[in-house]
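Shown next: input.txt, given as compact mmCIF, C-alpha atoms (C1' of nucleotides).
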# COMPACT_ATOMS: atom_id res chain seq x y z
CA MET A 451 17.33 25.56 -16.88
CA GLU A 452 15.54 22.22 -16.90
CA ARG A 453 11.90 22.06 -15.97
CA ALA A 454 11.19 20.71 -12.44
CA VAL A 455 11.03 16.94 -12.04
CA ARG A 456 7.81 15.63 -10.54
CA ILE A 457 8.07 12.35 -8.61
CA ALA A 458 4.95 10.72 -7.14
CA THR A 459 4.19 7.57 -5.17
CA TRP A 460 0.88 5.75 -4.81
CA ASN A 461 -0.27 2.49 -3.25
CA VAL A 462 -2.97 1.59 -5.81
CA ASN A 463 -4.36 -1.51 -4.02
CA SER A 464 -4.54 -3.60 -7.22
CA VAL A 465 -3.50 -1.88 -10.45
CA ARG A 466 -6.07 -3.84 -12.44
CA GLN A 467 -8.90 -2.52 -10.25
CA ARG A 468 -7.45 0.99 -10.51
CA THR A 469 -6.36 1.29 -14.17
CA GLU A 470 -8.88 4.06 -14.98
CA HIS A 471 -7.84 6.06 -11.90
CA LEU A 472 -4.19 5.54 -12.78
CA LEU A 473 -4.61 6.83 -16.35
CA ARG A 474 -6.61 9.78 -15.07
CA TYR A 475 -3.87 10.59 -12.57
CA LEU A 476 -1.12 10.43 -15.20
CA LYS A 477 -3.08 12.81 -17.42
CA GLU A 478 -4.04 15.24 -14.61
CA VAL A 479 -0.79 15.45 -12.67
CA GLU A 480 1.74 14.47 -15.34
CA PRO A 481 4.37 13.06 -12.98
CA ASP A 482 7.76 12.43 -14.58
CA VAL A 483 8.08 9.36 -12.38
CA LEU A 484 5.31 7.47 -10.56
CA CYS A 485 6.12 4.74 -8.04
CA LEU A 486 3.34 2.20 -7.51
CA GLN A 487 2.84 -0.29 -4.70
CA GLU A 488 0.47 -3.22 -4.22
CA ILE A 489 -0.05 -3.79 -7.92
CA LYS A 490 -1.15 -7.31 -6.86
CA CYS A 491 -0.42 -8.99 -10.17
CA LEU A 492 2.29 -10.73 -12.16
CA ASP A 493 4.35 -8.62 -14.57
CA GLU A 494 2.45 -9.98 -17.57
CA ALA A 495 -0.91 -8.91 -16.10
CA PHE A 496 0.12 -5.26 -15.61
CA PRO A 497 -1.87 -2.89 -17.89
CA ARG A 498 1.32 -2.06 -19.74
CA LEU A 499 -0.16 -1.09 -23.10
CA GLU A 500 -2.59 1.40 -21.56
CA VAL A 501 0.18 3.04 -19.53
CA GLU A 502 2.60 3.09 -22.48
CA SER A 503 -0.11 4.69 -24.61
CA ALA A 504 -0.28 7.44 -22.00
CA GLY A 505 3.39 8.17 -22.69
CA TYR A 506 5.14 6.20 -19.95
CA ASN A 507 7.83 3.57 -19.76
CA VAL A 508 7.05 0.76 -17.33
CA ALA A 509 9.23 -1.35 -15.04
CA THR A 510 7.43 -3.86 -12.83
CA HIS A 511 8.37 -6.23 -10.05
CA GLY A 512 5.12 -8.13 -9.77
CA GLN A 513 3.83 -10.99 -7.66
CA LYS A 514 0.73 -13.13 -7.88
CA THR A 515 -2.10 -11.96 -5.56
CA PHE A 516 -0.05 -9.88 -3.10
CA ASN A 517 2.44 -7.01 -2.99
CA GLY A 518 4.11 -6.02 -6.27
CA VAL A 519 5.76 -2.67 -7.09
CA ALA A 520 6.37 -0.68 -10.26
CA ILE A 521 8.01 2.47 -11.58
CA LEU A 522 6.46 4.46 -14.42
CA SER A 523 8.59 7.10 -16.14
CA LYS A 524 8.27 9.48 -19.06
CA ARG A 525 11.96 8.95 -19.78
CA PRO A 526 13.37 5.46 -20.45
CA ILE A 527 14.65 3.83 -17.27
CA GLU A 528 17.03 1.13 -16.17
CA ALA A 529 15.52 -0.90 -13.32
CA THR A 530 16.77 -3.39 -10.73
CA ARG A 531 14.38 -5.58 -8.77
CA GLY A 532 14.38 -6.68 -5.16
CA LEU A 533 15.89 -5.29 -1.95
CA PRO A 534 19.39 -6.68 -1.33
CA GLY A 535 20.18 -8.55 1.86
CA ASP A 536 18.06 -11.72 1.77
CA GLU A 537 18.17 -14.00 -1.25
CA HIS A 538 15.34 -16.11 0.22
CA ASP A 539 12.88 -13.20 0.37
CA GLU A 540 10.15 -13.97 -2.18
CA GLN A 541 7.98 -10.90 -1.60
CA SER A 542 8.06 -8.24 -4.35
CA ARG A 543 8.40 -5.02 -2.38
CA TYR A 544 11.29 -3.08 -3.92
CA ILE A 545 12.27 -1.82 -7.35
CA GLU A 546 14.88 0.81 -8.11
CA ALA A 547 15.43 2.75 -11.32
CA ILE A 548 17.92 5.15 -12.79
CA VAL A 549 16.06 8.00 -14.49
CA PRO A 550 17.96 10.27 -16.87
CA HIS A 551 17.54 13.99 -16.28
CA GLY A 552 19.42 16.31 -18.58
CA LYS A 553 23.10 15.39 -18.32
CA THR A 554 22.58 13.82 -14.88
CA ILE A 555 20.47 11.05 -13.35
CA ILE A 556 17.99 10.67 -10.52
CA ARG A 557 17.74 7.33 -8.78
CA VAL A 558 14.24 6.43 -7.62
CA ALA A 559 13.06 3.44 -5.55
CA SER A 560 9.47 2.26 -5.17
CA ILE A 561 9.07 0.75 -1.71
CA TYR A 562 6.32 -1.36 -0.17
CA LEU A 563 7.49 -1.83 3.40
CA PRO A 564 5.81 -4.75 5.20
CA ASN A 565 2.76 -3.99 7.35
CA GLY A 566 4.07 -6.12 10.22
CA ASN A 567 0.81 -6.86 12.02
CA PRO A 568 0.22 -8.53 14.32
CA PRO A 569 3.22 -7.55 16.47
CA LEU A 570 5.16 -10.28 18.32
CA THR A 571 4.90 -12.55 15.29
CA GLU A 572 7.24 -13.43 12.45
CA LYS A 573 5.38 -10.80 10.40
CA TYR A 574 6.68 -8.09 12.71
CA SER A 575 10.22 -9.45 12.80
CA TYR A 576 10.12 -9.57 8.98
CA LYS A 577 9.14 -5.90 8.97
CA LEU A 578 12.02 -4.89 11.23
CA ALA A 579 14.50 -7.03 9.28
CA TRP A 580 13.25 -5.51 6.03
CA MET A 581 13.79 -2.03 7.51
CA ASP A 582 17.36 -3.03 8.41
CA ARG A 583 17.92 -4.09 4.80
CA LEU A 584 16.48 -0.76 3.59
CA ILE A 585 18.84 1.09 5.96
CA SER A 586 21.76 -0.87 4.48
CA ARG A 587 20.67 -0.05 0.95
CA ALA A 588 20.28 3.65 1.82
CA ARG A 589 23.75 3.62 3.36
CA GLU A 590 25.18 2.21 0.11
CA LEU A 591 23.35 4.75 -2.03
CA LEU A 592 24.48 7.66 0.15
CA LYS A 593 28.10 6.74 -0.57
CA LEU A 594 27.45 7.61 -4.23
CA GLU A 595 26.59 11.23 -3.28
CA GLU A 596 23.81 11.23 -5.88
CA CYS A 597 20.34 12.66 -6.12
CA PHE A 598 17.98 9.86 -5.04
CA VAL A 599 14.45 9.41 -3.74
CA LEU A 600 13.11 6.46 -1.73
CA ALA A 601 9.37 6.69 -2.27
CA GLY A 602 6.54 4.48 -1.19
CA ASP A 603 4.24 2.96 1.37
CA TYR A 604 6.43 2.72 4.48
CA ASN A 605 3.66 1.45 6.75
CA VAL A 606 5.10 3.76 9.41
CA ILE A 607 3.24 6.53 11.24
CA PRO A 608 6.23 8.69 12.15
CA GLU A 609 4.65 10.79 14.91
CA ALA A 610 1.40 11.35 16.87
CA ARG A 611 0.46 14.30 14.66
CA ASP A 612 0.39 11.92 11.69
CA ALA A 613 -2.85 10.22 12.83
CA ARG A 614 -6.31 11.58 13.53
CA ASP A 615 -6.75 9.13 16.44
CA ILE A 616 -3.27 8.13 17.60
CA ALA A 617 -4.65 6.22 20.62
CA ALA A 618 -6.04 3.65 18.20
CA TRP A 619 -2.52 2.92 16.90
CA THR A 620 -0.44 2.63 20.09
CA GLY A 621 -0.02 -1.15 19.92
CA ASP A 622 -0.01 -1.37 16.14
CA ALA A 623 3.00 -2.41 14.02
CA LEU A 624 2.70 0.91 12.16
CA TYR A 625 3.36 2.95 15.31
CA LEU A 626 5.23 0.76 17.81
CA PRO A 627 8.33 2.44 19.29
CA ALA A 628 10.61 -0.11 17.58
CA THR A 629 9.03 0.69 14.20
CA ARG A 630 9.44 4.43 14.63
CA ALA A 631 12.98 4.00 15.93
CA LYS A 632 13.95 2.14 12.74
CA PHE A 633 12.35 4.87 10.64
CA ARG A 634 14.36 7.49 12.53
CA GLU A 635 17.48 5.38 12.04
CA LEU A 636 16.88 5.68 8.30
CA LEU A 637 16.38 9.45 8.53
CA ASN A 638 19.42 9.78 10.79
CA LEU A 639 21.64 8.49 8.00
CA GLY A 640 21.08 11.92 6.48
CA LEU A 641 17.85 11.48 4.54
CA THR A 642 15.15 14.14 4.50
CA GLU A 643 11.48 13.32 4.75
CA ALA A 644 10.03 15.55 2.02
CA LEU A 645 6.74 16.51 3.64
CA ARG A 646 8.28 17.37 7.00
CA ALA A 647 10.88 19.51 5.26
CA THR A 648 8.06 21.76 4.13
CA THR A 649 5.47 21.81 6.95
CA ASP A 650 4.89 21.03 10.65
CA GLU A 651 1.15 20.78 10.13
CA ALA A 652 -0.80 17.98 11.81
CA GLY A 653 -3.67 16.22 10.09
CA LEU A 654 -1.98 15.51 6.76
CA TYR A 655 -2.89 11.95 5.80
CA THR A 656 -2.29 9.55 2.91
CA PHE A 657 -4.44 6.58 4.02
CA TRP A 658 -8.03 6.22 5.17
CA ASP A 659 -9.38 2.74 5.95
CA TYR A 660 -12.30 1.47 3.88
CA GLN A 661 -14.09 0.52 7.10
CA ALA A 662 -16.22 2.45 9.57
CA GLY A 663 -16.53 5.58 7.44
CA ALA A 664 -12.89 6.52 8.04
CA TRP A 665 -12.78 8.78 4.97
CA GLN A 666 -16.02 10.58 5.84
CA LYS A 667 -14.73 11.19 9.38
CA ASN A 668 -11.24 12.12 8.11
CA ASN A 669 -9.89 9.35 10.34
CA GLY A 670 -6.63 8.99 8.45
CA ILE A 671 -2.94 8.29 8.91
CA ARG A 672 0.22 9.42 7.11
CA ILE A 673 2.23 6.37 6.06
CA ASP A 674 3.34 7.11 2.48
CA HIS A 675 6.60 9.00 2.39
CA LEU A 676 9.33 10.30 0.09
CA LEU A 677 12.83 10.23 1.59
CA LEU A 678 15.46 12.36 -0.11
CA SER A 679 19.23 12.14 -0.33
CA PRO A 680 21.01 15.40 0.57
CA GLN A 681 21.47 16.14 -3.14
CA ALA A 682 17.73 15.66 -3.70
CA ALA A 683 16.75 17.65 -0.61
CA ASP A 684 18.77 20.61 -1.92
CA ARG A 685 16.47 20.61 -4.95
CA LEU A 686 13.11 20.19 -3.17
CA GLN A 687 10.60 22.79 -4.35
CA SER A 688 7.22 21.52 -3.17
CA VAL A 689 5.23 18.59 -1.78
CA ALA A 690 1.57 17.77 -2.45
CA ILE A 691 -0.86 15.08 -1.30
CA ASP A 692 -3.43 14.30 -3.99
CA LYS A 693 -6.25 13.83 -1.52
CA HIS A 694 -8.99 14.16 -4.14
CA MET A 695 -8.14 10.65 -5.39
CA ARG A 696 -9.75 9.19 -2.24
CA ALA A 697 -13.11 10.78 -3.13
CA LEU A 698 -13.47 8.96 -6.48
CA GLU A 699 -15.72 5.95 -7.02
CA LYS A 700 -13.94 2.71 -6.05
CA PRO A 701 -10.81 4.46 -4.74
CA SER A 702 -7.62 2.97 -3.39
CA ASP A 703 -7.44 3.37 0.39
CA HIS A 704 -4.18 5.31 -0.17
CA VAL A 705 -3.76 8.56 -2.11
CA PRO A 706 -0.70 9.70 -4.10
CA ILE A 707 1.91 12.02 -2.61
CA ARG A 708 4.40 13.82 -4.82
CA ILE A 709 7.31 16.23 -4.92
CA ASP A 710 8.78 18.67 -7.40
CA LEU A 711 12.57 18.85 -7.59
CA ALA A 712 14.43 21.69 -9.30
C1' DA B 1498 -21.31 -3.30 18.90
C1' DT B 1499 -17.60 -9.56 18.84
C1' DG B 1500 -19.60 -4.34 13.55
C1' DA B 1501 -18.40 -1.70 9.78
C1' DC B 1502 -14.62 -2.67 3.65
C1' DT B 1503 -11.90 -4.21 -0.43
C1' DT B 1504 -8.88 -7.20 -2.76
C1' DG B 1505 -7.36 -12.05 -5.02
C1' DC B 1506 -8.64 -16.52 -5.87
C1' DG B 1507 -12.08 -18.86 -7.98
C1' DC B 1508 -17.04 -20.09 -7.13
C1' DG B 1509 -17.06 -20.66 -1.12
C1' DG B 1510 -15.51 -18.28 2.01
C1' DC B 1511 -10.80 -17.36 3.63
C1' DA B 1512 -6.42 -14.51 3.99
C1' DA B 1513 -4.45 -10.06 3.95
C1' DG B 1514 -4.42 -5.44 4.49
C1' DA B 1515 -3.72 -1.07 8.01
Can you present the structure in this file as structure tokens?
Amino acid sequence: MERAVRIATWNVNSVRQRTEHLLRYLKEVEPDVLCLQEIKCLDEAFPRLEVESAGYNVATHGQKTFNGVAILSKRPIEATRGLPGDEHDEQSRYIEAIVPHGKTIIRVASIYLPNGNPPLTEKYSYKLAWMDRLISRARELLKLEECFVLAGDYNVIPEARDARDIAAWTGDALYLPATRAKFRELLNLGLTEALRATTDEAGLYTFWDYQAGAWQKNNGIRIDHLLLSPQAADRLQSVAIDKHMRALEKPSDHVPIRIDLA
DNA sequence: ATGACTTGCGCGGCAAGA
């Protein structure tokens, strides 16, 4: 029997600012696959040598200044960049990789779904359109009947229990009814949200704002998610939020969340 | 309390984030 596969996702908020934290995380947690978001640099500026020295293969889909996603993997991977459905979209928010596992494969996507604020602007319509494209991609992948994981920063607070102070988010693009309806539409295709498959607990967060002492007050939200195909959900063993990463010096405002699959 | 912080870019303060 193969050892469990550990798949993690983390919005690093600039990989160059967070390289030491990243290397520490790889050593501590030893994920087989780590999806990164907001690397905020071009491919050539990614700290590739440091990450490769830690024993990982690297596939990036970078962008100058903003956005940018990556997939790190112990095993060699085959990556494709960009979310299908809009050839004019210039924002680097999606990368997908095929990861070998024994005689089979696991497909993993690193997702940085648009924030969408302020609502009633083209930023919000871009968010909803991007979610429609993600739904289309998920529909295509489901036809393959494979084990796959869509992991990343969804910028969606699924339910009231996923925020310490939900009243503060009622008019926000992360929690508007239309946003949550699109997220449910994705789940309703037959995907399983990993954390909610294991617990109903409130107060589990993956993001705490830098401002107003949000971390000290535990004023957080849960917006980083791993969505599993039926074949992946069958293999789900455990979910963990690596909350300790928020307590380090110069942290990202997000923490990693990870799963183990049999 | 019209606040509060961190990033990139690039060298002065603005845009973006959530």
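Interface residues on chain B toward chain A (cut-off 8 Å, all atoms listed in the file): DA1501, DC1502, DT1503, DT1504, DG1505, DC1506, DG1514 and DA1515 of chain B.
Between CA of Leu492 in chain A and CA of Lys524 in chain A there is a distance of 22.2 Å.
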Quick one: residues within 12 Å of Ser560 in chain A, only C-alpha atoms (C1' of nucleotides), excluding same-chain residues fewer than 4 positions away - as a PyMOL selection string? chain A and resi 457-461+483-489+509-511+517-522+529-533+542-548+584+598-604+674-677
Which residue gives the smallest distance to Arg685 in chain A among A:Leu592, A:Ala631, A:Val455, A:Ile527, with all atoms listed in the file counted? A:Val455
Rounded to one decimal place, report the CA of Ser679 in chain A-CA of Leu641 in chain A distance in Å.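 These atoms are spaced 5.1 Å apart.
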Between A:Leu645, A:Cys597, A:Leu636, A:Ala613, single out the one closest to Val549 in chain A, counting all atoms listed in the file.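 Counting all atoms listed in the file, the residue closest to Val549 in chain A is A:Cys597.
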Between CA of Asn668 in chain A and CA of Ala628 in chain A, distance in Å (one decimal): 26.8 Å
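Each of A:Gly621, A:Ala588, A:Glu596, A:Pro526 was checked against Pro569 in chain A using all atoms listed in the file; the smallest atom-to-atom distance is that of A:Gly621.
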Using all atoms listed in the file: which of A:Tyr655, A:Trp580, A:Phe496, A:Tyr562 has the shortest distance to Lys632 in chain A: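 Under the stated criterion, the closest residue is A:Trp580.
Minimum atom-to-atom distance to Leu499 in chain A, evaluated using all atoms listed in the file, belongs to A:Thr469 out of A:Lys573, A:Val479, A:Thr469, A:Tyr625.
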Go through A:Arg614, A:Arg630, A:His551, A:Arg468 and flag the residue nearest Arg456 in chain A, using all atoms listed in the file for the distances.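 Using all atoms listed in the file, the shortest distance to Arg456 in chain A belongs to A:His551.
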